[in-house]
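The data block below is upload-v2.cif; it holds mmCIF, N, CA and C atoms.
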data_target
loop_
_atom_site.label_atom_id
_atom_site.label_comp_id
_atom_site.auth_asym_id
_atom_site.auth_seq_id
_atom_site.Cartn_x
_atom_site.Cartn_y
_atom_site.Cartn_z
N VAL M 1 -42.65 -313.52 60.37
CA VAL M 1 -41.63 -313.14 59.43
C VAL M 1 -41.13 -314.40 58.73
N THR M 2 -41.10 -314.33 57.42
CA THR M 2 -40.57 -315.44 56.64
C THR M 2 -39.19 -315.06 56.13
N ILE M 3 -38.24 -315.91 56.36
CA ILE M 3 -36.86 -315.66 55.91
C ILE M 3 -36.51 -316.70 54.87
N THR M 4 -35.98 -316.23 53.73
CA THR M 4 -35.54 -317.14 52.69
C THR M 4 -34.14 -316.73 52.24
N VAL M 5 -33.42 -317.68 51.72
CA VAL M 5 -32.08 -317.42 51.19
C VAL M 5 -32.22 -317.11 49.70
N ALA M 6 -31.69 -315.98 49.30
CA ALA M 6 -31.74 -315.58 47.89
C ALA M 6 -30.57 -316.22 47.15
N THR M 7 -30.84 -316.76 45.99
CA THR M 7 -29.78 -317.33 45.17
C THR M 7 -29.41 -316.41 44.01
N ASP M 8 -30.21 -315.36 43.81
CA ASP M 8 -29.97 -314.39 42.75
C ASP M 8 -29.95 -313.00 43.39
N LEU M 9 -28.75 -312.48 43.64
CA LEU M 9 -28.58 -311.20 44.33
C LEU M 9 -29.33 -310.07 43.62
N GLN M 10 -29.16 -309.95 42.32
CA GLN M 10 -29.80 -308.88 41.58
C GLN M 10 -31.33 -308.94 41.73
N ALA M 11 -31.90 -310.09 41.54
CA ALA M 11 -33.36 -310.25 41.66
C ALA M 11 -33.82 -309.91 43.08
N ALA M 12 -33.07 -310.33 44.07
CA ALA M 12 -33.43 -310.05 45.46
C ALA M 12 -33.40 -308.55 45.75
N VAL M 13 -32.35 -307.87 45.28
CA VAL M 13 -32.24 -306.42 45.50
C VAL M 13 -33.34 -305.68 44.75
N GLU M 14 -33.62 -306.09 43.53
CA GLU M 14 -34.66 -305.43 42.74
C GLU M 14 -36.03 -305.52 43.40
N GLU M 15 -36.26 -306.54 44.19
CA GLU M 15 -37.55 -306.75 44.85
C GLU M 15 -37.61 -306.13 46.24
N ALA M 16 -36.48 -305.89 46.86
CA ALA M 16 -36.42 -305.50 48.27
C ALA M 16 -36.75 -304.03 48.52
N ASP M 17 -37.42 -303.81 49.65
CA ASP M 17 -37.64 -302.45 50.13
C ASP M 17 -36.42 -301.97 50.91
N ILE M 18 -35.79 -302.90 51.63
CA ILE M 18 -34.60 -302.59 52.42
C ILE M 18 -33.52 -303.60 52.06
N VAL M 19 -32.34 -303.08 51.72
CA VAL M 19 -31.18 -303.92 51.43
C VAL M 19 -30.13 -303.56 52.46
N SER M 20 -29.66 -304.55 53.20
CA SER M 20 -28.66 -304.31 54.22
C SER M 20 -27.42 -305.14 53.93
N CYS M 21 -26.27 -304.50 53.91
CA CYS M 21 -25.00 -305.17 53.63
C CYS M 21 -24.08 -305.02 54.84
N ALA M 22 -23.46 -306.11 55.21
CA ALA M 22 -22.46 -306.11 56.28
C ALA M 22 -21.33 -307.03 55.84
N THR M 23 -20.53 -306.53 54.90
CA THR M 23 -19.50 -307.36 54.28
C THR M 23 -18.11 -306.75 54.46
N ILE M 24 -17.12 -307.50 54.05
CA ILE M 24 -15.74 -306.99 54.00
C ILE M 24 -15.30 -306.87 52.54
N SER M 25 -16.26 -306.59 51.68
CA SER M 25 -15.99 -306.54 50.25
C SER M 25 -15.11 -305.35 49.88
N SER M 26 -14.19 -305.60 48.96
CA SER M 26 -13.38 -304.50 48.43
C SER M 26 -13.94 -304.02 47.09
N GLN M 27 -14.89 -304.76 46.54
CA GLN M 27 -15.54 -304.40 45.28
C GLN M 27 -17.05 -304.31 45.50
N PRO M 28 -17.73 -303.39 44.80
CA PRO M 28 -19.17 -303.26 44.97
C PRO M 28 -19.91 -304.57 44.69
N ILE M 29 -20.88 -304.86 45.53
CA ILE M 29 -21.71 -306.05 45.32
C ILE M 29 -23.16 -305.67 45.01
N VAL M 30 -23.55 -304.42 45.31
CA VAL M 30 -24.90 -303.95 45.02
C VAL M 30 -24.81 -302.83 43.99
N SER M 31 -25.59 -302.97 42.93
CA SER M 31 -25.64 -301.96 41.88
C SER M 31 -26.82 -301.03 42.13
N GLY M 32 -26.58 -299.75 41.99
CA GLY M 32 -27.64 -298.76 42.12
C GLY M 32 -28.74 -298.96 41.10
N ALA M 33 -28.42 -299.52 39.96
CA ALA M 33 -29.43 -299.78 38.92
C ALA M 33 -30.48 -300.78 39.40
N TRP M 34 -30.13 -301.59 40.37
CA TRP M 34 -31.06 -302.61 40.89
C TRP M 34 -32.06 -302.05 41.90
N LEU M 35 -31.79 -300.88 42.47
CA LEU M 35 -32.63 -300.34 43.54
C LEU M 35 -33.93 -299.79 42.99
N LYS M 36 -35.03 -300.26 43.54
CA LYS M 36 -36.34 -299.79 43.09
C LYS M 36 -36.68 -298.46 43.77
N PRO M 37 -37.58 -297.69 43.20
CA PRO M 37 -37.99 -296.44 43.84
C PRO M 37 -38.47 -296.71 45.27
N GLY M 38 -38.01 -295.90 46.20
CA GLY M 38 -38.39 -296.04 47.59
C GLY M 38 -37.53 -296.99 48.39
N ALA M 39 -36.56 -297.62 47.76
CA ALA M 39 -35.70 -298.57 48.47
C ALA M 39 -34.77 -297.85 49.45
N HIS M 40 -34.37 -298.57 50.47
CA HIS M 40 -33.36 -298.07 51.41
C HIS M 40 -32.18 -299.04 51.37
N LEU M 41 -30.98 -298.50 51.19
CA LEU M 41 -29.75 -299.28 51.17
C LEU M 41 -28.97 -298.97 52.43
N ASP M 42 -28.74 -299.98 53.24
CA ASP M 42 -28.06 -299.87 54.52
C ASP M 42 -26.71 -300.55 54.39
N LEU M 43 -25.64 -299.79 54.51
CA LEU M 43 -24.29 -300.32 54.32
C LEU M 43 -23.52 -300.19 55.63
N VAL M 44 -23.27 -301.31 56.29
CA VAL M 44 -22.59 -301.27 57.58
C VAL M 44 -21.24 -301.99 57.56
N GLY M 45 -20.89 -302.59 56.44
CA GLY M 45 -19.57 -303.21 56.31
C GLY M 45 -18.67 -302.26 55.53
N ALA M 46 -17.69 -302.84 54.85
CA ALA M 46 -16.77 -302.04 54.01
C ALA M 46 -16.39 -300.74 54.72
N TYR M 47 -15.65 -300.87 55.80
CA TYR M 47 -15.39 -299.78 56.73
C TYR M 47 -14.05 -299.07 56.54
N THR M 48 -13.39 -299.29 55.39
CA THR M 48 -12.15 -298.57 55.10
C THR M 48 -12.28 -297.90 53.73
N PRO M 49 -11.45 -296.92 53.46
CA PRO M 49 -11.51 -296.24 52.17
C PRO M 49 -11.28 -297.16 50.97
N ALA M 50 -10.66 -298.31 51.18
CA ALA M 50 -10.37 -299.23 50.08
C ALA M 50 -11.49 -300.25 49.86
N MET M 51 -12.55 -300.17 50.63
CA MET M 51 -13.63 -301.15 50.54
C MET M 51 -14.90 -300.52 49.97
N ARG M 52 -15.69 -301.32 49.25
CA ARG M 52 -16.96 -300.86 48.69
C ARG M 52 -18.00 -301.96 48.77
N GLU M 53 -19.23 -301.58 49.12
CA GLU M 53 -20.36 -302.52 49.07
C GLU M 53 -21.32 -302.15 47.95
N CYS M 54 -21.31 -300.88 47.53
CA CYS M 54 -22.20 -300.46 46.44
C CYS M 54 -21.41 -299.71 45.38
N ASP M 55 -22.01 -299.61 44.21
CA ASP M 55 -21.33 -298.93 43.10
C ASP M 55 -21.69 -297.44 43.08
N ASP M 56 -21.08 -296.72 42.14
CA ASP M 56 -21.31 -295.28 42.03
C ASP M 56 -22.76 -294.95 41.70
N ALA M 57 -23.44 -295.81 40.95
CA ALA M 57 -24.84 -295.55 40.61
C ALA M 57 -25.70 -295.51 41.86
N ALA M 58 -25.42 -296.37 42.82
CA ALA M 58 -26.19 -296.36 44.07
C ALA M 58 -25.97 -295.05 44.82
N VAL M 59 -24.74 -294.61 44.86
CA VAL M 59 -24.41 -293.38 45.59
C VAL M 59 -25.01 -292.16 44.91
N THR M 60 -25.05 -292.14 43.59
CA THR M 60 -25.59 -290.98 42.90
C THR M 60 -27.12 -290.98 42.84
N ARG M 61 -27.75 -292.14 42.89
CA ARG M 61 -29.22 -292.23 42.86
C ARG M 61 -29.85 -291.94 44.22
N ALA M 62 -29.12 -292.14 45.28
CA ALA M 62 -29.70 -292.11 46.63
C ALA M 62 -29.44 -290.79 47.35
N SER M 63 -30.32 -290.52 48.30
CA SER M 63 -30.07 -289.48 49.29
C SER M 63 -29.15 -290.10 50.32
N LEU M 64 -28.04 -289.43 50.62
CA LEU M 64 -26.97 -290.03 51.42
C LEU M 64 -26.99 -289.59 52.87
N TYR M 65 -26.83 -290.58 53.76
CA TYR M 65 -26.77 -290.35 55.19
C TYR M 65 -25.63 -291.20 55.75
N VAL M 66 -24.97 -290.70 56.81
CA VAL M 66 -23.87 -291.42 57.43
C VAL M 66 -24.07 -291.47 58.94
N ASP M 67 -23.37 -292.39 59.61
CA ASP M 67 -23.47 -292.43 61.06
C ASP M 67 -22.82 -291.19 61.67
N THR M 68 -21.59 -290.91 61.25
CA THR M 68 -20.92 -289.67 61.66
C THR M 68 -20.22 -289.10 60.43
N ARG M 69 -20.19 -287.79 60.34
CA ARG M 69 -19.49 -287.17 59.20
C ARG M 69 -17.99 -287.46 59.28
N THR M 70 -17.45 -287.45 60.48
CA THR M 70 -16.02 -287.72 60.64
C THR M 70 -15.66 -289.08 60.06
N GLY M 71 -16.38 -290.12 60.46
CA GLY M 71 -16.09 -291.46 59.96
C GLY M 71 -16.51 -291.63 58.51
N GLY M 72 -17.69 -291.16 58.18
CA GLY M 72 -18.23 -291.34 56.83
C GLY M 72 -17.41 -290.67 55.74
N LEU M 73 -16.83 -289.53 56.06
CA LEU M 73 -16.07 -288.77 55.06
C LEU M 73 -14.58 -289.09 55.07
N LYS M 74 -14.15 -289.95 55.99
CA LYS M 74 -12.73 -290.32 56.04
C LYS M 74 -12.49 -291.81 55.88
N GLU M 75 -13.44 -292.64 56.32
CA GLU M 75 -13.20 -294.08 56.38
C GLU M 75 -14.09 -294.90 55.44
N ALA M 76 -15.25 -294.39 55.10
CA ALA M 76 -16.24 -295.17 54.35
C ALA M 76 -15.95 -295.15 52.86
N GLY M 77 -15.42 -296.26 52.36
CA GLY M 77 -15.07 -296.34 50.94
C GLY M 77 -16.23 -296.04 50.01
N ASP M 78 -17.46 -296.40 50.41
CA ASP M 78 -18.63 -296.14 49.57
C ASP M 78 -18.90 -294.65 49.41
N ILE M 79 -18.38 -293.84 50.32
CA ILE M 79 -18.52 -292.38 50.25
C ILE M 79 -17.20 -291.73 49.81
N VAL M 80 -16.11 -292.14 50.45
CA VAL M 80 -14.79 -291.54 50.21
C VAL M 80 -14.33 -291.71 48.76
N ASP M 81 -14.45 -292.91 48.22
CA ASP M 81 -13.98 -293.17 46.86
C ASP M 81 -14.72 -292.32 45.82
N PRO M 82 -16.06 -292.26 45.84
CA PRO M 82 -16.74 -291.41 44.86
C PRO M 82 -16.42 -289.92 45.03
N ILE M 83 -16.19 -289.48 46.27
CA ILE M 83 -15.80 -288.07 46.48
C ILE M 83 -14.43 -287.83 45.86
N ARG M 84 -13.49 -288.73 46.14
CA ARG M 84 -12.13 -288.58 45.61
C ARG M 84 -12.11 -288.49 44.09
N ARG M 85 -13.00 -289.25 43.45
CA ARG M 85 -13.05 -289.26 41.98
C ARG M 85 -14.00 -288.22 41.39
N GLY M 86 -14.61 -287.39 42.22
CA GLY M 86 -15.47 -286.32 41.73
C GLY M 86 -16.87 -286.77 41.32
N ILE M 87 -17.28 -287.96 41.73
CA ILE M 87 -18.62 -288.48 41.41
C ILE M 87 -19.67 -287.77 42.27
N ILE M 88 -19.34 -287.57 43.55
CA ILE M 88 -20.19 -286.83 44.48
C ILE M 88 -19.30 -285.86 45.25
N ARG M 89 -19.93 -284.98 46.03
CA ARG M 89 -19.21 -284.05 46.88
C ARG M 89 -19.54 -284.36 48.34
N ALA M 90 -18.69 -283.95 49.25
CA ALA M 90 -18.97 -284.15 50.67
C ALA M 90 -20.31 -283.53 51.04
N GLU M 91 -20.65 -282.42 50.41
CA GLU M 91 -21.92 -281.73 50.68
C GLU M 91 -23.14 -282.53 50.24
N ASP M 92 -22.93 -283.57 49.44
CA ASP M 92 -24.05 -284.42 49.01
C ASP M 92 -24.53 -285.33 50.13
N VAL M 93 -23.73 -285.49 51.17
CA VAL M 93 -24.18 -286.25 52.34
C VAL M 93 -25.15 -285.34 53.09
N ARG M 94 -26.43 -285.74 53.10
CA ARG M 94 -27.48 -284.90 53.68
C ARG M 94 -27.35 -284.71 55.19
N ALA M 95 -27.06 -285.80 55.88
CA ALA M 95 -27.07 -285.70 57.34
C ALA M 95 -26.34 -286.88 57.95
N ASP M 96 -25.99 -286.72 59.22
CA ASP M 96 -25.50 -287.83 60.01
C ASP M 96 -26.56 -288.15 61.07
N LEU M 97 -26.32 -289.16 61.88
CA LEU M 97 -27.31 -289.56 62.88
C LEU M 97 -27.61 -288.43 63.86
N PHE M 98 -26.61 -287.65 64.21
CA PHE M 98 -26.82 -286.52 65.12
C PHE M 98 -27.83 -285.54 64.52
N ASP M 99 -27.62 -285.17 63.24
CA ASP M 99 -28.54 -284.25 62.57
C ASP M 99 -29.96 -284.80 62.54
N LEU M 100 -30.08 -286.08 62.23
CA LEU M 100 -31.40 -286.71 62.13
C LEU M 100 -32.09 -286.79 63.50
N CYS M 101 -31.37 -287.24 64.50
CA CYS M 101 -31.97 -287.40 65.83
C CYS M 101 -32.33 -286.08 66.48
N ARG M 102 -31.59 -285.06 66.20
CA ARG M 102 -31.86 -283.73 66.77
C ARG M 102 -32.90 -282.96 65.95
N GLY M 103 -33.32 -283.53 64.82
CA GLY M 103 -34.31 -282.85 63.99
C GLY M 103 -33.74 -281.72 63.16
N ARG M 104 -32.43 -281.65 63.06
CA ARG M 104 -31.79 -280.61 62.24
C ARG M 104 -31.96 -280.88 60.75
N GLN M 105 -32.17 -282.15 60.43
CA GLN M 105 -32.35 -282.57 59.03
C GLN M 105 -33.40 -283.66 59.01
N GLY M 106 -34.30 -283.59 58.04
CA GLY M 106 -35.29 -284.64 57.89
C GLY M 106 -34.73 -285.80 57.10
N GLY M 107 -35.44 -286.88 57.13
CA GLY M 107 -35.06 -288.06 56.36
C GLY M 107 -35.73 -288.06 55.01
N ARG M 108 -36.29 -289.17 54.64
CA ARG M 108 -36.94 -289.36 53.34
C ARG M 108 -37.98 -288.26 53.10
N ALA M 109 -37.93 -287.65 51.93
CA ALA M 109 -38.86 -286.57 51.60
C ALA M 109 -40.10 -287.06 50.85
N HIS M 110 -39.99 -288.16 50.12
CA HIS M 110 -41.14 -288.71 49.39
C HIS M 110 -40.98 -290.22 49.26
N SER M 111 -42.08 -290.89 48.99
CA SER M 111 -42.09 -292.36 49.02
C SER M 111 -41.23 -293.02 47.95
N ASP M 112 -40.95 -292.34 46.86
CA ASP M 112 -40.11 -292.91 45.80
C ASP M 112 -38.62 -292.64 45.98
N GLU M 113 -38.28 -291.85 46.97
CA GLU M 113 -36.88 -291.50 47.20
C GLU M 113 -36.07 -292.72 47.63
N ILE M 114 -34.93 -292.91 47.02
CA ILE M 114 -33.98 -293.96 47.42
C ILE M 114 -33.06 -293.35 48.46
N THR M 115 -32.89 -294.04 49.57
CA THR M 115 -32.01 -293.55 50.63
C THR M 115 -30.88 -294.55 50.85
N LEU M 116 -29.74 -294.02 51.26
CA LEU M 116 -28.56 -294.83 51.54
C LEU M 116 -27.98 -294.37 52.86
N PHE M 117 -27.81 -295.31 53.79
CA PHE M 117 -27.16 -295.04 55.07
C PHE M 117 -25.85 -295.80 55.11
N LYS M 118 -24.77 -295.07 55.37
CA LYS M 118 -23.44 -295.69 55.45
C LYS M 118 -22.89 -295.53 56.86
N SER M 119 -22.57 -296.64 57.47
CA SER M 119 -21.99 -296.64 58.81
C SER M 119 -20.61 -297.27 58.75
N VAL M 120 -19.68 -296.68 59.48
CA VAL M 120 -18.38 -297.31 59.64
C VAL M 120 -18.19 -297.75 61.08
N GLY M 121 -19.21 -297.52 61.87
CA GLY M 121 -19.17 -297.93 63.28
C GLY M 121 -18.59 -296.84 64.15
N THR M 122 -19.27 -296.60 65.23
CA THR M 122 -18.80 -295.61 66.19
C THR M 122 -19.17 -296.12 67.58
N ALA M 123 -18.37 -295.82 68.56
CA ALA M 123 -18.57 -296.35 69.91
C ALA M 123 -19.92 -295.96 70.48
N ILE M 124 -20.45 -294.80 70.14
CA ILE M 124 -21.73 -294.37 70.68
C ILE M 124 -22.86 -295.29 70.22
N GLU M 125 -22.75 -295.84 69.02
CA GLU M 125 -23.76 -296.79 68.55
C GLU M 125 -23.71 -298.07 69.37
N ASP M 126 -22.51 -298.53 69.67
CA ASP M 126 -22.35 -299.73 70.49
C ASP M 126 -22.88 -299.48 71.91
N LEU M 127 -22.61 -298.29 72.45
CA LEU M 127 -23.11 -297.95 73.78
C LEU M 127 -24.64 -297.91 73.79
N ALA M 128 -25.25 -297.30 72.79
CA ALA M 128 -26.71 -297.24 72.72
C ALA M 128 -27.32 -298.63 72.66
N ALA M 129 -26.72 -299.52 71.87
CA ALA M 129 -27.22 -300.90 71.77
C ALA M 129 -27.07 -301.61 73.11
N ALA M 130 -25.95 -301.43 73.77
CA ALA M 130 -25.72 -302.06 75.07
C ALA M 130 -26.73 -301.56 76.11
N ILE M 131 -27.02 -300.27 76.09
CA ILE M 131 -28.00 -299.71 77.03
C ILE M 131 -29.39 -300.31 76.77
N LEU M 132 -29.77 -300.45 75.51
CA LEU M 132 -31.07 -301.05 75.18
C LEU M 132 -31.16 -302.48 75.71
N VAL M 133 -30.10 -303.25 75.53
CA VAL M 133 -30.09 -304.63 76.02
C VAL M 133 -30.15 -304.62 77.54
N TRP M 134 -29.36 -303.81 78.19
CA TRP M 134 -29.31 -303.74 79.65
C TRP M 134 -30.67 -303.37 80.21
N ARG M 135 -31.33 -302.39 79.60
CA ARG M 135 -32.65 -301.95 80.08
C ARG M 135 -33.72 -303.02 79.87
N SER M 136 -33.51 -303.91 78.94
CA SER M 136 -34.52 -304.94 78.67
C SER M 136 -34.39 -306.15 79.61
N LEU M 137 -33.30 -306.22 80.36
CA LEU M 137 -33.08 -307.33 81.27
C LEU M 137 -33.99 -307.21 82.49
N PRO M 138 -34.53 -308.35 82.94
CA PRO M 138 -35.35 -308.33 84.16
C PRO M 138 -34.50 -307.97 85.37
N LEU M 139 -35.05 -307.17 86.23
CA LEU M 139 -34.28 -306.75 87.43
C LEU M 139 -34.42 -307.74 88.56
#
Rewrite the structure of this file - the entire thing - as structure tokens.
Amino acid sequence: VTITVATDLQAAVEEADIVSCATISSQPIVSGAWLKPGAHLDLVGAYTPAMRECDDAAVTRASLYVDTRTGGLKEAGDIVDPIRRGIIRAEDVRADLFDLCRGRQGGRAHSDEITLFKSVGTAIEDLAAAILVWRSLPL
């Protein structure tokens, strides 16, 4: 794996298959216009209704997924703000992790589909990560 530091955010996003943000930004830093067909946008920061990591274009161009509907529809500014302003509806969120893991809802339907996952953090995710680490330790 080669890791490089991007000096041009727009150019980096336009080229990326996966864009992951973990910021405390109150203003969008990723534009939906920059996302190429088939890109996945992973938003794990901006965890309050007053915070945003992506703009409205990203939310309207992408198929939307959240970690939990409770958190995603109440705390995630990238989802809550566009809903409040009528840009999207709560029903536009396709699934949460529970729906996806249980097979109640599928993920990406075609290779050109842009997907967006918004997480505000939930204790079950932390527990799952801790279990994975614990199981990987030599006995």
Written as a PyMOL selection string, what is the full residue list that the PyMOL selection byres ((chain M and resi 39) around 5) yields on the file shown?
chain M and resi 17+36-38+40-41+113-115
For the selection you just gave me, I'd like the residues written to a file as a JSON list (two decimals), in the coordinates of the input, keeping N, CA and C atoms.
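Saved as selection_14.json:
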[["chain", "number", "residue", "atom", "x", "y", "z"],
["M", 17, "ASP", "N", -37.42, -303.81, 49.65],
["M", 17, "ASP", "CA", -37.64, -302.45, 50.13],
["M", 17, "ASP", "C", -36.42, -301.97, 50.91],
["M", 36, "LYS", "N", -35.03, -300.26, 43.54],
["M", 36, "LYS", "CA", -36.34, -299.79, 43.09],
["M", 36, "LYS", "C", -36.68, -298.46, 43.77],
["M", 37, "PRO", "N", -37.58, -297.69, 43.20],
["M", 37, "PRO", "CA", -37.99, -296.44, 43.84],
["M", 37, "PRO", "C", -38.47, -296.71, 45.27],
["M", 38, "GLY", "N", -38.01, -295.90, 46.20],
["M", 38, "GLY", "CA", -38.39, -296.04, 47.59],
["M", 38, "GLY", "C", -37.53, -296.99, 48.39],
["M", 40, "HIS", "N", -34.37, -298.57, 50.47],
["M", 40, "HIS", "CA", -33.36, -298.07, 51.41],
["M", 40, "HIS", "C", -32.18, -299.04, 51.37],
["M", 41, "LEU", "N", -30.98, -298.50, 51.19],
["M", 41, "LEU", "CA", -29.75, -299.28, 51.17],
["M", 41, "LEU", "C", -28.97, -298.97, 52.43],
["M", 113, "GLU", "N", -38.28, -291.85, 46.97],
["M", 113, "GLU", "CA", -36.88, -291.50, 47.20],
["M", 113, "GLU", "C", -36.07, -292.72, 47.63],
["M", 114, "ILE", "N", -34.93, -292.91, 47.02],
["M", 114, "ILE", "CA", -33.98, -293.96, 47.42],
["M", 114, "ILE", "C", -33.06, -293.35, 48.46],
["M", 115, "THR", "N", -32.89, -294.04, 49.57],
["M", 115, "THR", "CA", -32.01, -293.55, 50.63],
["M", 115, "THR", "C", -30.88, -294.55, 50.85]]
Report as JSON, numbers by chain: the residues of stretch 63-136 of chain M with a DSSP assignment of alpha helix (DSSP H), based on the backbone of this structure.
{"M": [69, 70, 71, 72, 77, 78, 79, 80, 81, 82, 83, 84, 97, 98, 99, 100, 101, 123, 124, 125, 126, 127, 128, 129, 130, 131, 132, 133, 134, 135, 136]}
Mind checking which residues fall within 10 Å of M:Ala11, counting only C-alpha atoms, ignoring those fewer than 5 positions away in the same chain, and posting them as a list in words?
Ala6, Ala16 and Trp34 of chain M
Selection: 6 Å around stretch 50-57 of chain M, only C-alpha atoms, excl. self and same-chain fewer than 4 positions, as a VMD selection string
chain M and resid 25 to 32 46 61 77 to 78
Sel. of strand (DSSP E or B) residues, stretch 50-127 of chain M, as a PDB file with N, CA and C atoms, keeping the file's coordinate frame:
ATOM      1  N   CYS M  54     -21.310-300.880  47.530  1.00  0.00           N
ATOM      2  CA  CYS M  54     -22.200-300.460  46.440  1.00  0.00           C
ATOM      3  C   CYS M  54     -21.410-299.710  45.380  1.00  0.00           C
ATOM      4  N   SER M  63     -30.320-290.520  48.300  1.00  0.00           N
ATOM      5  CA  SER M  63     -30.070-289.480  49.290  1.00  0.00           C
ATOM      6  C   SER M  63     -29.150-290.100  50.320  1.00  0.00           C
ATOM      7  N   LEU M  64     -28.040-289.430  50.620  1.00  0.00           N
ATOM      8  CA  LEU M  64     -26.970-290.030  51.420  1.00  0.00           C
ATOM      9  C   LEU M  64     -26.990-289.590  52.870  1.00  0.00           C
ATOM     10  N   TYR M  65     -26.830-290.580  53.760  1.00  0.00           N
ATOM     11  CA  TYR M  65     -26.770-290.350  55.190  1.00  0.00           C
ATOM     12  C   TYR M  65     -25.630-291.200  55.750  1.00  0.00           C
ATOM     13  N   VAL M  66     -24.970-290.700  56.810  1.00  0.00           N
ATOM     14  CA  VAL M  66     -23.870-291.420  57.430  1.00  0.00           C
ATOM     15  C   VAL M  66     -24.070-291.470  58.940  1.00  0.00           C
ATOM     16  N   VAL M  93     -23.730-285.490  51.170  1.00  0.00           N
ATOM     17  CA  VAL M  93     -24.180-286.250  52.340  1.00  0.00           C
ATOM     18  C   VAL M  93     -25.150-285.340  53.090  1.00  0.00           C
ATOM     19  N   ARG M  94     -26.430-285.740  53.100  1.00  0.00           N
ATOM     20  CA  ARG M  94     -27.480-284.900  53.680  1.00  0.00           C
ATOM     21  C   ARG M  94     -27.350-284.710  55.190  1.00  0.00           C
ATOM     22  N   ALA M  95     -27.060-285.800  55.880  1.00  0.00           N
ATOM     23  CA  ALA M  95     -27.070-285.700  57.340  1.00  0.00           C
ATOM     24  C   ALA M  95     -26.340-286.880  57.950  1.00  0.00           C
ATOM     25  N   ASP M  96     -25.990-286.720  59.220  1.00  0.00           N
ATOM     26  CA  ASP M  96     -25.500-287.830  60.010  1.00  0.00           C
ATOM     27  C   ASP M  96     -26.560-288.150  61.070  1.00  0.00           C
ATOM     28  N   THR M 115     -32.890-294.040  49.570  1.00  0.00           N
ATOM     29  CA  THR M 115     -32.010-293.550  50.630  1.00  0.00           C
ATOM     30  C   THR M 115     -30.880-294.550  50.850  1.00  0.00           C
ATOM     31  N   LEU M 116     -29.740-294.020  51.260  1.00  0.00           N
ATOM     32  CA  LEU M 116     -28.560-294.830  51.540  1.00  0.00           C
ATOM     33  C   LEU M 116     -27.980-294.370  52.860  1.00  0.00           C
ATOM     34  N   PHE M 117     -27.810-295.310  53.790  1.00  0.00           N
ATOM     35  CA  PHE M 117     -27.160-295.040  55.070  1.00  0.00           C
ATOM     36  C   PHE M 117     -25.850-295.800  55.110  1.00  0.00           C
ATOM     37  N   LYS M 118     -24.770-295.070  55.370  1.00  0.00           N
ATOM     38  CA  LYS M 118     -23.440-295.690  55.450  1.00  0.00           C
ATOM     39  C   LYS M 118     -22.890-295.530  56.860  1.00  0.00           C
TER      40      LYS M 118
END
Length of the atom CA of M:Val120 to atom CA of M:Val1 vector [Å]:
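Computing the Euclidean distance for atom CA of M:Val120 and atom CA of M:Val1 yields 28.1 Å.
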